[in-house]
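S.K.: Please read through the structure below; I'll follow up with questions.
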Number of protein chains: 2
Amino acid sequence: MNVLVLGAGQLARMMALAVKPLNINVRAFDVGSGNVFDPLSSNIVFGDLTQGIEFADFITAEFEHIDHQTLALCQASGKLRPSSQAIKVGGDRRLEKDLLVKCDVANAKHKIITTKADFDQALNSLTFPLILKSALAGYDGKGQWRLKDQTNAEEIWHDIKDFFDGGAQGVTNAVVAEQMVPFDREVSLVGARDSQGNTVVYPLTENHHTNGVLSVSIATQVNEALQAQAKQVFDSIANELNYIGVLAIEFFQIGEQLLVNEIAPRVHNSGHWTQQGADTCQFENHLRAVCDLPLGSTALVRPSAMINILGEEQVPNDILNVASTTLHWYGKSKRAGRKMGHINVSGKNEQELATRLQLLADILPEEAFDELKPYVTAYQNKLS
Amino acid sequence: MNVLVLGAGQLARMMALAVKPLNINVRAFDVGSGNVFDPLSSNIVFGDLTQGIEFADFITAEFEHIDHQTLALCQASGKLRPSSQAIKVGGDRRLEKDLLVKCDVANAKHKIITTKADFDQALNSLTFPLILKSALAGYDGKGQWRLKDQTNAEEIWHDIKDFFDGGAQGVTNAVVAEQMVPFDREVSLVGARDSQGNTVVYPLTENHHTNGVLSVSIATQVNEALQAQAKQVFDSIANELNYIGVLAIEFFQIGEQLLVNEIAPRVHNSGHWTQQGADTCQFENHLRAVCDLPLGSTALVRPSAMINILGEEQVPNDILNVASTTLHWYGKSKRAGRKMGHINVSGKNEQELATRLQLLADILPEEAFDELKPYVTAYQNKLS
């Protein structure tokens, strides 16, 4: 079986590694260069997308910000899973919010802004503080604004106008204004749906972000009611999209309620722990769904955590002395803040997991993993 | 880090998959063609061994029947782990038996036979029934004889003579005659030793053979005394060889005593369950040892089993519906009896493992997995 992945980053690489034992060959289309790569050898195998499409039994994606022409070509081949519609929803907050409303799932109160009138109306009808996010992918770290109150509103509107003007030619962007939610924690649900409509979900994962980037995920015992609530949201969205593959949903948890923050139509960083902590990892389950193989069990094998390695091209080998620790490099060149790899660690129970996390936090350099120690300490305190 | 593996079969492939996340690149030398392959893409990367040796930071082996000239070249590079001496021990039953005697570890009473006088002496001094095995690798399934008593002794000696005469030019072979042991079961111990002399071992694995080929392995809770006995043997042998890497020891268990049957200086089929059932799999631990990285924990995560797929190029997809089941194909062309892949399955306890094994046995075609059902039934009976 041959699968083409749109995108040639670490997610395509981890898919390729996960399904090589199933005799599924993954090739990765790099949207930047237009080449198709073998993600394991990094060799170019085709010089253009057309050959990649021809080669593939199925096509999937590792990210959602793919130009619409590429998506249309793949969709027309009849091989694209999930559909271009589902991928677009992940790449445009307007479509995403429309979907959430259509599925009637809880999410933060919001307004879509394209004009000054929309902007004024949003500020009047929503409750401060607000977060405003570009509907399409931001560039150079731009595309996000926070408003505590009306102060600086005019200035921010000008900034948004400039941002719109700086966007790609012929593309109409917008900004989604949301009421900021005083959430207790961020969690995500990763699951898979096959072409028959069967769905499976992993246990809810707690996520900790550092400067807006995921730094640690922990998957442990599940609060059944919360898990059921999340599963219901997953099913609504996945069924509405007639989704095929792995889909991730990020939530804000407030008390016992989950509000959808955003959805990602793909395997997700917060599901990397499944490589060691679940019966079947998210990468294999994604390709099982895409290739019409039975979905694998998503049961938690044991409490597990993932630590992202951001902007570092090495970590002390000593971490490999911590039992159950596995190190996953992506083979990428170093850049500040870039996702370079991750560390998975597990324990037979949460206490053992916490102890091992503490060992790792003690070994990893504090300057590069600055929020790890306090996070682990807080986790240990929660357990004791 | 670059590693050259002598041998380009499934073991090299599984090593490559296991350590790609550690940014270790594995290349595989095919002794037949003399080419060096990328075991994941199957592309030829070098046309001869010399380039492969130059490329490598370390060299290791996936099998023991390697010509001595190749071993000498690799040994001379200073990169070979384990040493050529250790690899040769695995490929010659004379050296193996000498080692067992030297290490003073329990093994079946035996004699080495090169002449008719040796043969007669063996038949007189050992107790029937005897098994006689070629010291060097047999060819075309030849090289093994059984004697219940003196009947046919002359005939068998002539056969052995013919076998010697049919061997490679300039190579002196021998036959090792062993008293056949009425063992209770066959078990194996897979472990690793690093260049500092640290050793770790996986739990003892129970092995079931069909027509002399491993068909099922099960790794479960360990009888501590038996495990300690096996570990002591492992340490004696590994230390004597100044061994670096994964080493497997096959035992006959008689009551609470373990007799060494044979040793394999490499990752081993009976350790494939570690891919899903242990903290660190044998493939990663082998390369960790070879590359001077810390050895990984060998703890059992949960009771696990492995079923070999022999001579079949497909199995029903339905097996993927059985929770915790993973399928590992080797990408090899079909040949009767050939190791084509394996299935790993786990359970939170032995009862769950047995139930899942039963489900698999019910799905897998009986003609190709003929001893699986009775084996699983026996296992279930043992548990209840």
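Residue numbering restarts at 1 in every chain; chains get A, B, ... in the order shown in the structure tokens, and ligands count up from 1 in that same order.
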Name the residues in contact with Asp120 (chain B) at a cut-off of 9 Å, using only C-alpha atoms, excluding same-chain residues fewer than 5 positions from it; report them as a list of chain:residue names.

M.R.: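 Those residues are B:Thr115, B:Ser125, B:Ala153.
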
S.K.: I need the residues from that last selection saved to file as a compact mmCIF listing (two decimals), in the first residue's frame (with C-alpha atoms), if you can.

M.R.:
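Okay, this is what ended up in out_16.txt:
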```txt
# COMPACT_ATOMS: atom_id res chain seq x y z
CA THR B 115 36.53 -38.90 13.10
CA SER B 125 30.11 -42.65 26.45
CA ALA B 153 24.86 -46.10 13.58
```

S.K.: Determine, counting only C-alpha atoms, which protein, DNA and RNA residues have an atom within 7 Å of an atom of Leu4 (chain B); residues of the same chain fewer than 4 positions away are not included. Present the result as a PyMOL selection string.

M.R.: chain B and resi 26-29+52-53+56+58-60

S.K.: Write the selection just made, keeping N, CA and C atoms, as a JSON list (two decimals), in the first residue's frame?

M.R.:
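Final output, again37.json:
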```
[["chain", "number", "residue", "atom", "x", "y", "z"],
["B", 26, "VAL", "N", 21.03, 3.30, 10.02],
["B", 26, "VAL", "CA", 21.49, 1.93, 9.86],
["B", 26, "VAL", "C", 21.61, 1.60, 8.37],
["B", 27, "ARG", "N", 22.74, 1.02, 8.00],
["B", 27, "ARG", "CA", 22.92, 0.48, 6.65],
["B", 27, "ARG", "C", 23.19, -1.01, 6.81],
["B", 28, "ALA", "N", 22.78, -1.80, 5.81],
["B", 28, "ALA", "CA", 22.86, -3.25, 5.96],
["B", 28, "ALA", "C", 23.69, -3.86, 4.82],
["B", 29, "PHE", "N", 24.70, -4.64, 5.20],
["B", 29, "PHE", "CA", 25.55, -5.31, 4.22],
["B", 29, "PHE", "C", 24.97, -6.68, 3.89],
["B", 52, "GLY", "N", 31.13, 0.68, 3.13],
["B", 52, "GLY", "CA", 30.24, 0.53, 4.28],
["B", 52, "GLY", "C", 31.00, 0.67, 5.59],
["B", 53, "ILE", "N", 32.18, 0.07, 5.65],
["B", 53, "ILE", "CA", 33.00, 0.15, 6.86],
["B", 53, "ILE", "C", 33.43, 1.59, 7.11],
["B", 56, "ALA", "N", 30.66, 3.79, 8.55],
["B", 56, "ALA", "CA", 30.12, 3.44, 9.87],
["B", 56, "ALA", "C", 30.93, 4.01, 11.03],
["B", 58, "PHE", "N", 30.04, 2.52, 13.95],
["B", 58, "PHE", "CA", 30.11, 1.19, 14.55],
["B", 58, "PHE", "C", 29.57, 0.16, 13.57],
["B", 59, "ILE", "N", 30.03, -1.07, 13.74],
["B", 59, "ILE", "CA", 29.56, -2.18, 12.90],
["B", 59, "ILE", "C", 29.02, -3.26, 13.81],
["B", 60, "THR", "N", 27.91, -3.87, 13.41],
["B", 60, "THR", "CA", 27.38, -4.98, 14.18],
["B", 60, "THR", "C", 26.86, -6.04, 13.21]]
```

S.K.: Take chain B, superimpose it onto chain A by least squares using every C-alpha atom paired in sequence order, and output the result as a short mmCIF file (atom, residue, chain, number, x, y, z; two decimals) with C-alpha atoms, in the first residue's frame.

M.R.:
```
data_model
loop_
_atom_site.label_atom_id
_atom_site.label_comp_id
_atom_site.auth_asym_id
_atom_site.auth_seq_id
_atom_site.Cartn_x
_atom_site.Cartn_y
_atom_site.Cartn_z
CA MET B 1 -0.02 0.00 -0.02
CA ASN B 2 1.29 3.46 -0.92
CA VAL B 3 0.32 6.67 0.85
CA LEU B 4 1.19 10.24 -0.06
CA VAL B 5 1.27 12.72 2.81
CA LEU B 6 0.85 16.43 2.09
CA GLY B 7 3.62 17.97 4.17
CA ALA B 8 7.12 16.61 4.79
CA GLY B 9 7.73 17.30 8.47
CA GLN B 10 8.04 15.17 11.56
CA LEU B 11 4.44 13.98 11.44
CA ALA B 12 4.93 12.42 7.99
CA ARG B 13 8.17 10.88 9.24
CA MET B 14 6.51 9.37 12.31
CA MET B 15 3.65 8.05 10.16
CA ALA B 16 6.20 6.40 7.87
CA LEU B 17 7.99 4.77 10.82
CA ALA B 18 4.75 3.59 12.41
CA VAL B 19 3.37 1.84 9.34
CA LYS B 20 6.50 0.47 7.68
CA PRO B 21 5.87 -2.80 9.62
CA LEU B 22 2.42 -2.95 7.97
CA ASN B 23 4.18 -2.78 4.57
CA ILE B 24 2.65 0.66 3.97
CA ASN B 25 5.04 2.96 2.13
CA VAL B 26 4.72 6.64 2.94
CA ARG B 27 5.94 9.40 0.65
CA ALA B 28 5.82 13.06 1.69
CA PHE B 29 5.02 16.06 -0.51
CA ASP B 30 6.96 19.14 0.50
CA VAL B 31 4.71 22.06 -0.43
CA GLY B 32 7.69 24.43 -0.35
CA SER B 33 9.94 22.72 -2.90
CA GLY B 34 7.23 20.82 -4.74
CA ASN B 35 9.21 17.59 -4.37
CA VAL B 36 8.01 14.25 -3.08
CA PHE B 37 10.35 12.69 -0.49
CA ASP B 38 10.89 9.36 1.16
CA PRO B 39 10.53 10.70 4.73
CA LEU B 40 12.83 8.02 6.16
CA SER B 41 15.78 8.36 3.76
CA SER B 42 15.03 12.03 2.92
CA ASN B 43 15.67 11.16 -0.73
CA ILE B 44 13.61 12.89 -3.42
CA VAL B 45 11.53 10.25 -5.18
CA PHE B 46 9.36 12.43 -7.46
CA GLY B 47 9.87 15.95 -8.75
CA ASP B 48 6.21 16.91 -8.74
CA LEU B 49 2.87 16.36 -7.08
CA THR B 50 1.23 14.68 -10.09
CA GLN B 51 3.60 11.72 -9.87
CA GLY B 52 3.02 11.55 -6.15
CA ILE B 53 -0.75 11.42 -6.64
CA GLU B 54 -0.38 8.71 -9.25
CA PHE B 55 1.87 6.66 -6.96
CA ALA B 56 -0.56 6.80 -4.05
CA ASP B 57 -3.39 4.47 -3.16
CA PHE B 58 -4.44 7.09 -0.62
CA ILE B 59 -3.46 10.68 0.12
CA THR B 60 -3.53 12.37 3.50
CA ALA B 61 -2.09 15.48 5.16
CA GLU B 62 0.14 16.30 8.11
CA PHE B 63 -0.88 19.97 8.28
CA GLU B 64 -3.85 22.12 7.37
CA HIS B 65 -2.32 25.20 5.74
CA ILE B 66 -2.19 23.77 2.25
CA ASP B 67 -2.98 25.89 -0.79
CA HIS B 68 -6.41 25.22 -2.23
CA GLN B 69 -5.12 24.29 -5.67
CA THR B 70 -3.09 21.42 -4.21
CA LEU B 71 -6.07 20.29 -2.16
CA ALA B 72 -8.33 20.44 -5.22
CA LEU B 73 -5.93 18.29 -7.25
CA CYS B 74 -5.78 15.69 -4.51
CA GLN B 75 -9.51 15.77 -3.88
CA ALA B 76 -10.16 15.24 -7.60
CA SER B 77 -8.08 12.04 -7.50
CA GLY B 78 -10.64 10.54 -5.13
CA LYS B 79 -7.79 9.43 -2.84
CA LEU B 80 -7.71 12.24 -0.28
CA ARG B 81 -8.56 11.32 3.34
CA PRO B 82 -9.71 13.34 5.21
CA SER B 83 -11.47 15.43 2.54
CA SER B 84 -10.21 18.83 1.40
CA GLN B 85 -13.23 20.32 3.17
CA ALA B 86 -12.09 18.88 6.51
CA ILE B 87 -8.52 20.04 5.96
CA LYS B 88 -9.71 23.55 5.08
CA VAL B 89 -11.73 23.74 8.29
CA GLY B 90 -8.51 23.24 10.20
CA GLY B 91 -6.83 26.03 8.25
CA ASP B 92 -9.50 28.71 8.56
CA ARG B 93 -10.95 29.80 11.90
CA ARG B 94 -14.09 31.10 10.17
CA LEU B 95 -14.95 27.66 8.81
CA GLU B 96 -13.95 26.11 12.12
CA LYS B 97 -16.26 28.35 14.13
CA ASP B 98 -19.09 27.76 11.63
CA LEU B 99 -18.60 24.04 12.08
CA LEU B 100 -18.64 24.26 15.88
CA VAL B 101 -21.87 26.28 15.73
CA LYS B 102 -23.38 23.84 13.24
CA CYS B 103 -22.45 20.88 15.45
CA ASP B 104 -23.82 22.75 18.45
CA VAL B 105 -20.72 22.06 20.54
CA ALA B 106 -19.70 24.37 23.37
CA ASN B 107 -17.02 26.90 22.48
CA ALA B 108 -15.98 30.40 23.51
CA LYS B 109 -18.35 33.23 22.56
CA HIS B 110 -16.91 34.83 19.43
CA LYS B 111 -17.44 37.16 16.44
CA ILE B 112 -15.91 37.09 13.00
CA ILE B 113 -14.42 40.42 11.97
CA THR B 114 -13.71 41.59 8.45
CA THR B 115 -14.69 45.29 8.70
CA LYS B 116 -14.37 48.11 11.18
CA ALA B 117 -18.10 47.78 11.84
CA ASP B 118 -17.61 44.08 12.74
CA PHE B 119 -14.73 45.10 15.00
CA ASP B 120 -16.78 47.72 16.85
CA GLN B 121 -19.70 45.34 17.17
CA ALA B 122 -17.48 42.59 18.55
CA LEU B 123 -16.04 44.92 21.19
CA ASN B 124 -19.53 45.97 22.20
CA SER B 125 -21.20 42.58 22.26
CA LEU B 126 -18.42 40.43 23.75
CA THR B 127 -17.08 40.60 27.28
CA PHE B 128 -13.46 41.63 27.83
CA PRO B 129 -10.75 40.38 27.88
CA LEU B 130 -10.77 39.35 24.23
CA ILE B 131 -8.32 37.45 22.08
CA LEU B 132 -8.33 38.16 18.36
CA LYS B 133 -6.81 35.64 16.00
CA SER B 134 -6.25 35.66 12.26
CA ALA B 135 -8.70 33.29 10.55
CA LEU B 136 -5.95 32.09 8.22
CA ALA B 137 -2.45 31.12 9.37
CA GLY B 138 -0.49 34.08 10.73
CA TYR B 139 2.96 34.85 9.37
CA ASP B 140 6.17 35.79 11.18
CA GLY B 141 4.44 35.24 14.50
CA LYS B 142 1.85 37.90 13.65
CA GLY B 143 -1.90 37.53 13.58
CA GLN B 144 -2.85 37.56 17.25
CA TRP B 145 -3.98 40.40 19.52
CA ARG B 146 -5.25 40.70 23.07
CA LEU B 147 -7.63 43.38 24.36
CA LYS B 148 -8.11 43.84 28.09
CA ASP B 149 -10.58 46.68 27.49
CA GLN B 150 -11.43 49.47 25.02
CA THR B 151 -8.01 51.14 25.51
CA ASN B 152 -5.91 50.95 22.34
CA ALA B 153 -8.85 49.58 20.36
CA GLU B 154 -8.30 52.08 17.52
CA GLU B 155 -4.58 51.29 17.41
CA ILE B 156 -5.24 47.56 17.28
CA TRP B 157 -7.78 47.98 14.51
CA HIS B 158 -5.12 49.77 12.44
CA ASP B 159 -2.73 46.94 13.14
CA ILE B 160 -5.35 44.41 11.99
CA LYS B 161 -5.95 46.46 8.83
CA ASP B 162 -2.21 46.42 8.13
CA PHE B 163 -2.15 42.70 8.78
CA PHE B 164 -4.97 42.16 6.27
CA ASP B 165 -3.17 44.32 3.70
CA GLY B 166 0.06 42.35 4.22
CA GLY B 167 -1.62 39.00 3.51
CA ALA B 168 -1.40 37.00 0.30
CA GLN B 169 -2.83 38.62 -2.87
CA GLY B 170 -6.42 37.73 -3.66
CA VAL B 171 -7.01 36.02 -0.29
CA THR B 172 -9.64 37.51 1.99
CA ASN B 173 -8.68 37.03 5.58
CA ALA B 174 -10.65 37.80 8.72
CA VAL B 175 -10.07 37.90 12.44
CA VAL B 176 -11.98 35.87 14.98
CA ALA B 177 -12.58 37.71 18.25
CA GLU B 178 -13.16 35.42 21.22
CA GLN B 179 -13.96 36.00 24.84
CA MET B 180 -10.95 34.78 26.80
CA VAL B 181 -12.01 31.96 29.04
CA PRO B 182 -10.59 31.67 32.59
CA PHE B 183 -10.00 27.94 32.11
CA ASP B 184 -8.68 25.50 34.71
CA ARG B 185 -6.55 23.59 32.23
CA GLU B 186 -6.14 22.76 28.58
CA VAL B 187 -6.88 19.23 27.43
CA SER B 188 -7.12 17.60 24.05
CA LEU B 189 -8.81 14.59 22.59
CA VAL B 190 -7.18 12.66 19.76
CA GLY B 191 -9.31 10.10 17.97
CA ALA B 192 -9.86 8.37 14.68
CA ARG B 193 -12.82 7.75 12.43
CA ASP B 194 -12.85 5.22 9.60
CA SER B 195 -14.76 5.26 6.33
CA GLN B 196 -17.50 3.12 7.88
CA GLY B 197 -18.14 5.75 10.53
CA ASN B 198 -16.52 3.84 13.41
CA THR B 199 -14.78 6.11 15.90
CA VAL B 200 -12.21 5.49 18.63
CA VAL B 201 -10.67 8.09 20.95
CA TYR B 202 -7.61 8.13 23.19
CA PRO B 203 -7.89 9.25 26.80
CA LEU B 204 -8.07 13.03 27.25
CA THR B 205 -4.58 14.48 27.48
CA GLU B 206 -3.59 17.42 29.68
CA ASN B 207 -1.47 19.94 27.82
CA HIS B 208 0.89 22.57 29.13
CA HIS B 209 1.98 25.37 26.80
CA THR B 210 5.09 27.53 27.04
CA ASN B 211 4.96 30.79 25.06
CA GLY B 212 2.01 29.45 23.10
CA VAL B 213 3.78 26.21 22.12
CA LEU B 214 2.98 22.80 23.60
CA SER B 215 5.75 21.82 26.02
CA VAL B 216 4.34 18.90 28.05
CA SER B 217 1.40 16.50 27.68
CA ILE B 218 0.24 13.99 30.26
CA ALA B 219 -2.20 11.15 29.68
CA THR B 220 -3.42 9.33 32.76
CA GLN B 221 -6.56 7.83 34.25
CA VAL B 222 -9.65 9.35 32.75
CA ASN B 223 -12.57 11.04 34.44
CA GLU B 224 -15.29 9.03 32.71
CA ALA B 225 -17.89 11.79 32.51
CA LEU B 226 -15.38 14.24 31.07
CA GLN B 227 -14.14 11.62 28.61
CA ALA B 228 -17.74 10.93 27.52
CA GLN B 229 -18.35 14.67 27.05
CA ALA B 230 -15.26 14.94 24.86
CA LYS B 231 -16.15 11.82 22.89
CA GLN B 232 -19.58 13.25 22.10
CA VAL B 233 -17.96 16.40 20.71
CA PHE B 234 -15.53 14.29 18.71
CA ASP B 235 -18.32 12.21 17.21
CA SER B 236 -20.41 15.26 16.30
CA ILE B 237 -17.55 16.95 14.50
CA ALA B 238 -16.07 13.85 12.87
CA ASN B 239 -19.46 12.67 11.66
CA GLU B 240 -20.43 16.11 10.36
CA LEU B 241 -17.21 16.18 8.32
CA ASN B 242 -17.61 12.54 7.26
CA TYR B 243 -14.06 12.45 8.53
CA ILE B 244 -11.52 9.71 7.77
CA GLY B 245 -8.31 9.56 9.82
CA VAL B 246 -7.07 11.01 13.08
CA LEU B 247 -8.62 14.26 14.26
CA ALA B 248 -7.54 16.25 17.31
CA ILE B 249 -9.72 18.58 19.36
CA GLU B 250 -8.25 21.05 21.84
CA PHE B 251 -10.45 22.07 24.75
CA PHE B 252 -10.46 24.54 27.60
CA GLN B 253 -11.67 22.82 30.75
CA ILE B 254 -13.69 24.98 33.14
CA GLY B 255 -14.83 22.97 36.13
CA GLU B 256 -16.40 19.91 34.54
CA GLN B 257 -17.20 21.64 31.27
CA LEU B 258 -15.21 21.43 28.06
CA LEU B 259 -15.18 24.30 25.55
CA VAL B 260 -13.68 23.58 22.14
CA ASN B 261 -10.68 25.80 21.52
CA GLU B 262 -9.66 24.51 18.12
CA ILE B 263 -9.56 21.43 15.97
CA ALA B 264 -6.69 19.95 13.96
CA PRO B 265 -7.57 17.61 11.08
CA ARG B 266 -4.48 15.44 11.57
CA VAL B 267 -2.26 13.62 14.02
CA HIS B 268 -1.36 15.99 16.81
CA ASN B 269 1.58 16.87 19.03
CA SER B 270 -0.54 16.16 22.09
CA GLY B 271 -0.93 12.57 20.85
CA HIS B 272 2.77 11.74 20.60
CA TRP B 273 2.66 9.95 23.97
CA THR B 274 0.55 7.26 22.27
CA GLN B 275 3.76 5.93 20.67
CA GLN B 276 4.63 4.33 24.01
CA GLY B 277 1.52 4.79 26.13
CA ALA B 278 -1.38 3.40 24.08
CA ASP B 279 -2.30 0.08 22.50
CA THR B 280 -1.98 1.58 19.00
CA CYS B 281 -0.21 4.89 18.37
CA GLN B 282 -1.97 7.80 16.67
CA PHE B 283 0.27 7.54 13.59
CA GLU B 284 -0.64 3.92 12.97
CA ASN B 285 -4.31 4.56 13.68
CA HIS B 286 -4.37 7.47 11.24
CA LEU B 287 -3.00 5.29 8.46
CA ARG B 288 -5.21 2.36 9.46
CA ALA B 289 -8.23 4.64 8.96
CA VAL B 290 -6.89 6.12 5.73
CA CYS B 291 -6.06 2.67 4.30
CA ASP B 292 -9.34 1.01 5.33
CA LEU B 293 -7.70 -1.25 7.89
CA PRO B 294 -9.48 -1.87 11.22
CA LEU B 295 -8.98 0.92 13.77
CA GLY B 296 -6.68 -0.12 16.59
CA SER B 297 -7.49 -0.06 20.28
CA THR B 298 -6.81 3.34 21.85
CA ALA B 299 -6.58 2.02 25.41
CA LEU B 300 -4.03 3.60 27.74
CA VAL B 301 -1.35 1.03 28.50
CA ARG B 302 0.01 3.06 31.42
CA PRO B 303 0.17 6.71 32.48
CA SER B 304 2.47 8.51 30.04
CA ALA B 305 3.86 11.93 29.32
CA MET B 306 5.54 13.72 26.47
CA ILE B 307 8.07 16.54 26.71
CA ASN B 308 8.72 18.61 23.59
CA ILE B 309 12.29 19.45 22.68
CA LEU B 310 12.16 23.01 21.35
CA GLY B 311 15.12 24.61 19.60
CA GLU B 312 17.66 22.10 20.96
CA GLU B 313 19.60 19.65 18.81
CA GLN B 314 20.81 17.53 21.68
CA VAL B 315 19.86 16.55 25.19
CA PRO B 316 21.99 14.75 27.80
CA ASN B 317 22.25 11.01 27.03
CA ASP B 318 21.63 10.50 30.74
CA ILE B 319 17.90 10.82 30.17
CA LEU B 320 18.05 7.37 28.55
CA ASN B 321 18.93 6.00 31.99
CA VAL B 322 15.45 6.91 33.20
CA ALA B 323 13.33 3.77 32.84
CA SER B 324 10.74 3.79 30.02
CA THR B 325 12.19 6.93 28.47
CA THR B 326 12.26 7.07 24.69
CA LEU B 327 13.77 9.84 22.64
CA HIS B 328 12.31 10.87 19.28
CA TRP B 329 14.35 13.18 17.09
CA TYR B 330 12.87 14.58 13.89
CA GLY B 331 16.14 14.98 11.96
CA LYS B 332 15.58 18.71 11.51
CA SER B 333 18.13 21.51 11.51
CA LYS B 334 18.23 23.70 14.59
CA ARG B 335 16.22 26.93 14.80
CA ALA B 336 15.19 28.81 17.93
CA GLY B 337 11.92 27.46 19.34
CA ARG B 338 11.58 24.86 16.58
CA LYS B 339 10.07 21.46 17.41
CA MET B 340 13.20 19.30 17.13
CA GLY B 341 12.03 16.15 18.89
CA HIS B 342 10.22 14.86 21.93
CA ILE B 343 10.71 12.59 24.92
CA ASN B 344 8.13 10.03 25.99
CA VAL B 345 8.06 8.57 29.48
CA SER B 346 5.65 6.23 31.27
CA GLY B 347 5.05 4.72 34.69
CA LYS B 348 2.97 1.85 36.04
CA ASN B 349 0.96 4.47 37.94
CA GLU B 350 0.90 8.27 38.18
CA GLN B 351 3.27 8.29 41.14
CA GLU B 352 5.91 6.41 39.19
CA LEU B 353 5.33 8.64 36.18
CA ALA B 354 5.79 11.73 38.37
CA THR B 355 9.02 10.33 39.82
CA ARG B 356 10.40 9.68 36.35
CA LEU B 357 9.33 13.12 35.15
CA GLN B 358 11.20 14.57 38.12
CA LEU B 359 14.33 12.62 37.17
CA LEU B 360 14.07 13.94 33.61
CA ALA B 361 13.48 17.50 34.81
CA ASP B 362 16.61 17.22 36.96
CA ILE B 363 18.73 16.10 33.99
CA LEU B 364 17.37 18.35 31.23
CA PRO B 365 18.98 21.81 31.07
CA GLU B 366 16.79 24.37 32.82
CA GLU B 367 17.39 27.13 30.26
CA ALA B 368 15.92 25.02 27.48
CA PHE B 369 13.15 23.37 29.54
CA ASP B 370 12.41 26.29 31.86
CA GLU B 371 8.81 25.45 32.74
CA LEU B 372 9.34 21.71 33.16
CA LYS B 373 10.49 21.70 36.79
CA PRO B 374 7.67 23.87 38.13
CA TYR B 375 5.15 21.89 36.08
CA VAL B 376 6.42 18.57 37.43
CA THR B 377 6.47 19.92 40.98
CA ALA B 378 2.86 21.05 40.59
CA TYR B 379 1.93 17.64 39.20
CA GLN B 380 3.58 15.88 42.14
CA ASN B 381 1.80 18.16 44.60
CA LYS B 382 -1.51 17.38 42.94
CA LEU B 383 -0.87 13.66 43.42
CA SER B 384 0.25 13.80 47.06
#
```

S.K.: Quick one: pick out all helix (DSSP H, G or I) residues within region 244-324 of chain A from a backbone DSSP run and write them as a list in words.

M.R.: Asn269, Ser270, Gly271, Thr274, Gln275, Gln276, Gly277, Gln282, Phe283, Glu284, Asn285, His286, Leu287, Arg288, Ala289, Val290, Asn317, Asp318, Ile319, Leu320 and Asn321 of chain A

S.K.: DSSP on the backbone, then: every residue of region 87-259 of chain B marked strand (DSSP E or B), written as a VMD selection string.

M.R.: chain B and resid 107 110 to 113 130 to 134 144 to 147 175 to 179 185 to 193 199 to 201 205 to 210 213 to 219 245 to 254 257 to 259
